[in-house]
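All remarks here apply to the structure that follows.
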Amino acid sequence: MLFTEDFLHYVWKFRLFDRAALQTTDGETIEIYSSGLHNTDSGPDFQNARVKIGDTTWAGNVELHLSSSDWQKHNHSTDNAYGNVILHVVYRDDTPLILPDGRHVPTLELKDRIPAELYNRYHNLVFGNQSIIPCESSIGKLDDFTLRTWFTRVLIERLEKKSAAVIAALQLNKGDWEETFYQFLAANFGFKTNALPFELLAKSLPQNLLAKHKNNSLQIEALIFGQAGFLNEDFTDAYPQSLKNEYDFLRKKFSLTPIETHLWKFMRLRPQNFPTIRLAQFAALVINSNHLLSKVLDTRDIKGLQNLFTDIKVNSYWEDHYRFDKEAKPSSKNLGQASADILLLNTIALFLFSYGKHHQLQYFMDRSLKLLENLPGEQNKIIADFDSVGVKAKTAFETQALLELKNYYCNYKKCLDCSIGNKILKLA
């Protein structure tokens, strides 16, 4: 039998064992008033439990083990944190528990009290299949309320994890929210393939330096393309030659060092997504948007947020170019709706949540969730896998939640920590 402490915790937490005529291994009667609060940090497994043993009601901690001898194996006898354990709950009792001071800790054995069908459901869910999604045969049958409630929980977990990176960057930027936003937005302009060079570019080219040239679009474009490493050669066309001339002057003036050009990836990208085009779009955004984060915080409707990105116009040179000195068939190079929505998902929603959490302003956190509810969901293999088992996700709220569910619960078979897994175990 493949039995784990996690399962034992689950059984105790929800009291899913036969509670008739409970007794300690010494024959004293037990009544459980509260199983306590599950402690996932160091120390006893459940805190603030209330149980009646014999004629005495106790309040304190409960420790769980597969075998009572595990108490000694885990060196709890020498750890003061376990000094106020009022009950030792074990799957099997293989040795009496007596502490160094001579105190006997009451022990409850659950081996013959856990329903076999419950264990079988647990085993089949967690260990009995090799499916990408452990509960794939059942999840599609659950009610919308259960799914929606859990999706909200895991989505917030996802945003909180990502917010930690925002706050760490904020500290490095000495509390400058606009600079931090600028760096994250730049990285997301790379759309995964070129996220790293975009991030390095932003860090090598602070926003306050760009602000000094906000009234000169050519200089801003020169700084961005120059720092990206694309102005290190001679050009035939007048536009890149003028950028090079401007950058050579500004580079000396501000002692700038461009990033390595080889970091930029062109392979397997549609020309519309070439880094040169993304840099042109990013330059246009910088030229047209001072204090962009402030505008984001002040803009309440999704259309207004989308317009912050779709209304920008790239330099006309790029209408018939994808690279410098290489003419191409004319086409619009302005940022499209789909790309704008990805930026809203990965940057705007994250910063609304992070800003609200950091300043304890629930309003902005709620706006983040509402924005995700109004953005279309992503299309990728994970979302397709859930779709194939009956979980249809249409919004970014749902797809982001499913990504978190898959990556941090399904992949690690943490079904006992998942409300969906709990519901399936109880309904099966």
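The chains in the structure tokens are called A, B, ... from first to last as shown; in each chain the residues are counted from 1, and the ligands are counted from 1 in the order shown.
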
Non-local contacts of Lys13 in chain A (10 Å; only C-alpha atoms; under 6 positions in same chain excluded) as a tab-separated table (two decimals) with C-alpha atoms, in the first residue's frame:
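Listed below is the output, result-v2.tsv:
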```tsv
chain	number	residue	atom	x	y	z
A	7	PHE	CA	-2.89	11.70	2.74
A	34	SER	CA	-11.35	20.73	16.43
A	35	SER	CA	-8.65	19.10	14.33
A	36	GLY	CA	-6.69	22.37	14.38
A	37	LEU	CA	-5.14	24.59	11.74
A	38	HIS	CA	-2.94	22.85	9.18
A	46	PHE	CA	-1.75	21.00	13.24
```

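Around Leu201 in chain A, within 7 Å and counting only C-alpha atoms, the residues found are Pro197, Phe198, Ser204, Leu205, Gln227, Ala228 and Ile259 of chain A, once anything fewer than 3 positions away on its own chain is removed.
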
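In this comparison, which uses only C-alpha atoms, the residue of A:Asn194, A:Thr310, A:Asn80, A:Thr57 approaching Thr276 in chain A most closely is A:Asn194.
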
Problem - For Cys415 in chain A: contacts at 10 Å, only C-alpha atoms, fewer than 3 positions along chain excluded, given as a ChimeraX atom specification - result: /A:7,122,125-126,134-135,409-412,418-425

Practice task
Going by DSSP on the backbone, which bits of range 83-301 of chain A are strand (DSSP E)? Write them as a ChimeraX atom specification, please.
Solution key: /A:85-92,107-109

Could those selected residues go to a file with C-alpha atoms, as an mmCIF file, in the first residue's frame?
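Output file part.cif is given in full below:
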```
data_model
loop_
_atom_site.group_PDB
_atom_site.id
_atom_site.type_symbol
_atom_site.label_atom_id
_atom_site.label_comp_id
_atom_site.auth_asym_id
_atom_site.auth_seq_id
_atom_site.Cartn_x
_atom_site.Cartn_y
_atom_site.Cartn_z
ATOM 1 C CA VAL A 85 1.836 18.281 21.445
ATOM 2 C CA ILE A 86 -1.386 17.000 22.988
ATOM 3 C CA LEU A 87 -2.013 14.112 20.588
ATOM 4 C CA HIS A 88 0.106 11.956 18.305
ATOM 5 C CA VAL A 89 -1.957 10.700 15.338
ATOM 6 C CA VAL A 90 -0.423 7.814 13.394
ATOM 7 C CA TYR A 91 -1.414 5.376 10.705
ATOM 8 C CA ARG A 92 0.196 2.514 12.623
ATOM 9 C CA THR A 107 -1.496 8.271 20.521
ATOM 10 C CA LEU A 108 -4.393 7.698 18.131
ATOM 11 C CA GLU A 109 -3.971 4.943 15.534
#
```

Practice task
Name all residues at most 12 Å from Arg323 in chain A (count only C-alpha atoms; drop same-chain ones fewer than 4 positions away) and give them as a PyMOL selection string.
Solution key: chain A and resi 225+230-231+235+237+239-240+266+271-280+317-319+327-328

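We find CA of Arg113 in chain A and CA of Phe17 in chain A to be spaced 5.3 Å apart.
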
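If you look at CA of Lys111 in chain A and CA of Leu416 in chain A, they are 19.2 Å away from each other.
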
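The space separating CA of Thr193 in chain A from CA of Leu285 in chain A comes to 20.1 Å.
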
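Between Ile30 in chain A and the candidates A:His9, A:Phe309, A:Arg15, A:Ile53, the tightest atom-to-atom separation, counting only C-alpha atoms, involves A:Ile53.
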
Exercise for the section: Do a neighbour search on Ser316 in chain A at 12 Å with only C-alpha atoms, toss out local chain neighbours closer than 3 positions, and write the hits as a ChimeraX atom specification. Expected result: /A:239,277,280-281,284,312-313,319-322,330-334

Kindly export the residues of the current selection with N, CA, C and O atoms, as a short mmCIF file (atom, residue, chain, number, x, y, z; two decimals), in the first residue's frame.
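New file again31.cif:
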```cif
data_model
loop_
_atom_site.label_atom_id
_atom_site.label_comp_id
_atom_site.auth_asym_id
_atom_site.auth_seq_id
_atom_site.Cartn_x
_atom_site.Cartn_y
_atom_site.Cartn_z
N TYR A 239 17.41 57.11 -43.33
CA TYR A 239 16.86 57.02 -41.97
C TYR A 239 17.82 56.31 -41.01
O TYR A 239 18.18 56.88 -39.96
N ILE A 277 11.09 45.42 -35.69
CA ILE A 277 9.72 45.97 -35.70
C ILE A 277 9.24 46.21 -34.27
O ILE A 277 8.63 47.25 -33.98
N ALA A 280 10.81 49.33 -33.04
CA ALA A 280 10.16 50.50 -33.62
C ALA A 280 8.84 50.81 -32.91
O ALA A 280 8.52 51.97 -32.64
N GLN A 281 8.09 49.77 -32.57
CA GLN A 281 6.84 49.95 -31.84
C GLN A 281 7.11 50.45 -30.43
O GLN A 281 6.39 51.33 -29.92
N ALA A 284 7.98 54.06 -30.54
CA ALA A 284 6.79 54.88 -30.75
C ALA A 284 6.00 55.04 -29.45
O ALA A 284 5.45 56.11 -29.16
N ILE A 312 -0.53 54.06 -31.12
CA ILE A 312 0.81 54.55 -31.45
C ILE A 312 1.14 54.26 -32.90
O ILE A 312 0.69 53.26 -33.48
N LYS A 313 1.91 55.13 -33.52
CA LYS A 313 2.28 55.00 -34.94
C LYS A 313 3.80 54.92 -35.06
O LYS A 313 4.50 55.82 -34.61
N GLU A 319 7.12 51.15 -42.85
CA GLU A 319 5.98 50.71 -43.66
C GLU A 319 6.41 49.74 -44.75
O GLU A 319 5.68 48.82 -45.11
N ASP A 320 7.63 49.94 -45.28
CA ASP A 320 8.12 49.04 -46.33
C ASP A 320 9.50 48.46 -45.98
O ASP A 320 10.33 48.22 -46.85
N HIS A 321 9.73 48.28 -44.69
CA HIS A 321 10.97 47.65 -44.24
C HIS A 321 10.69 46.74 -43.03
O HIS A 321 9.80 47.02 -42.23
N TYR A 322 11.48 45.66 -42.94
CA TYR A 322 11.51 44.84 -41.73
C TYR A 322 12.90 44.92 -41.09
O TYR A 322 13.06 44.63 -39.92
N PRO A 330 5.03 46.92 -48.80
CA PRO A 330 4.43 47.80 -47.79
C PRO A 330 3.34 47.09 -46.97
O PRO A 330 2.54 46.32 -47.51
N SER A 331 3.35 47.34 -45.67
CA SER A 331 2.32 46.83 -44.77
C SER A 331 2.39 47.61 -43.46
O SER A 331 3.42 48.19 -43.13
N SER A 332 1.27 47.62 -42.74
CA SER A 332 1.23 48.33 -41.47
C SER A 332 2.10 47.61 -40.44
O SER A 332 2.06 46.40 -40.32
N LYS A 333 2.89 48.38 -39.71
CA LYS A 333 3.73 47.82 -38.67
C LYS A 333 3.31 48.29 -37.28
O LYS A 333 4.04 48.08 -36.31
N ASN A 334 2.15 48.93 -37.20
CA ASN A 334 1.67 49.37 -35.89
C ASN A 334 1.28 48.16 -35.04
O ASN A 334 0.97 47.09 -35.57
#
```

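Among the candidate residues A:Pro206, A:Pro106, A:Pro115, A:Pro44, the one lying nearest to Gly83 in chain A is A:Pro44, with distances computed using only C-alpha atoms.
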
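Within 9 Å of range 293-299 of chain A there are Trp177, Glu178, Phe181, Tyr182, Ser289, Asn290, His291, Asp301, Ile302, Gly304, Leu305, Leu308, Ile348, Phe351, Leu352 and Phe364 of chain A, counting only C-alpha atoms and ignoring same-chain residues fewer than 2 positions away.
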
Exercise for the section: Go through range 251-306 of chain A and collect every residue that DSSP, computed from the backbone, puts in helix (DSSP H, G or I); the answer should be as an MDAnalysis selection string. Expected result: chainID A and resid 251:254 261:263 271:273 275:288 292:298 302:306

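With distances restricted to only C-alpha atoms, A:Leu350 is the closest residue to Ala165 in chain A from A:Leu350, A:Leu369, A:Ala238, A:Val391.
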
Practice task
May I have the residues within 10 Å of Tyr363 in chain A as a list in words, using only C-alpha atoms and disregarding those fewer than 6 positions away in the same chain?
Solution key: Leu352, Phe353, Gly356 and Lys357 of chain A
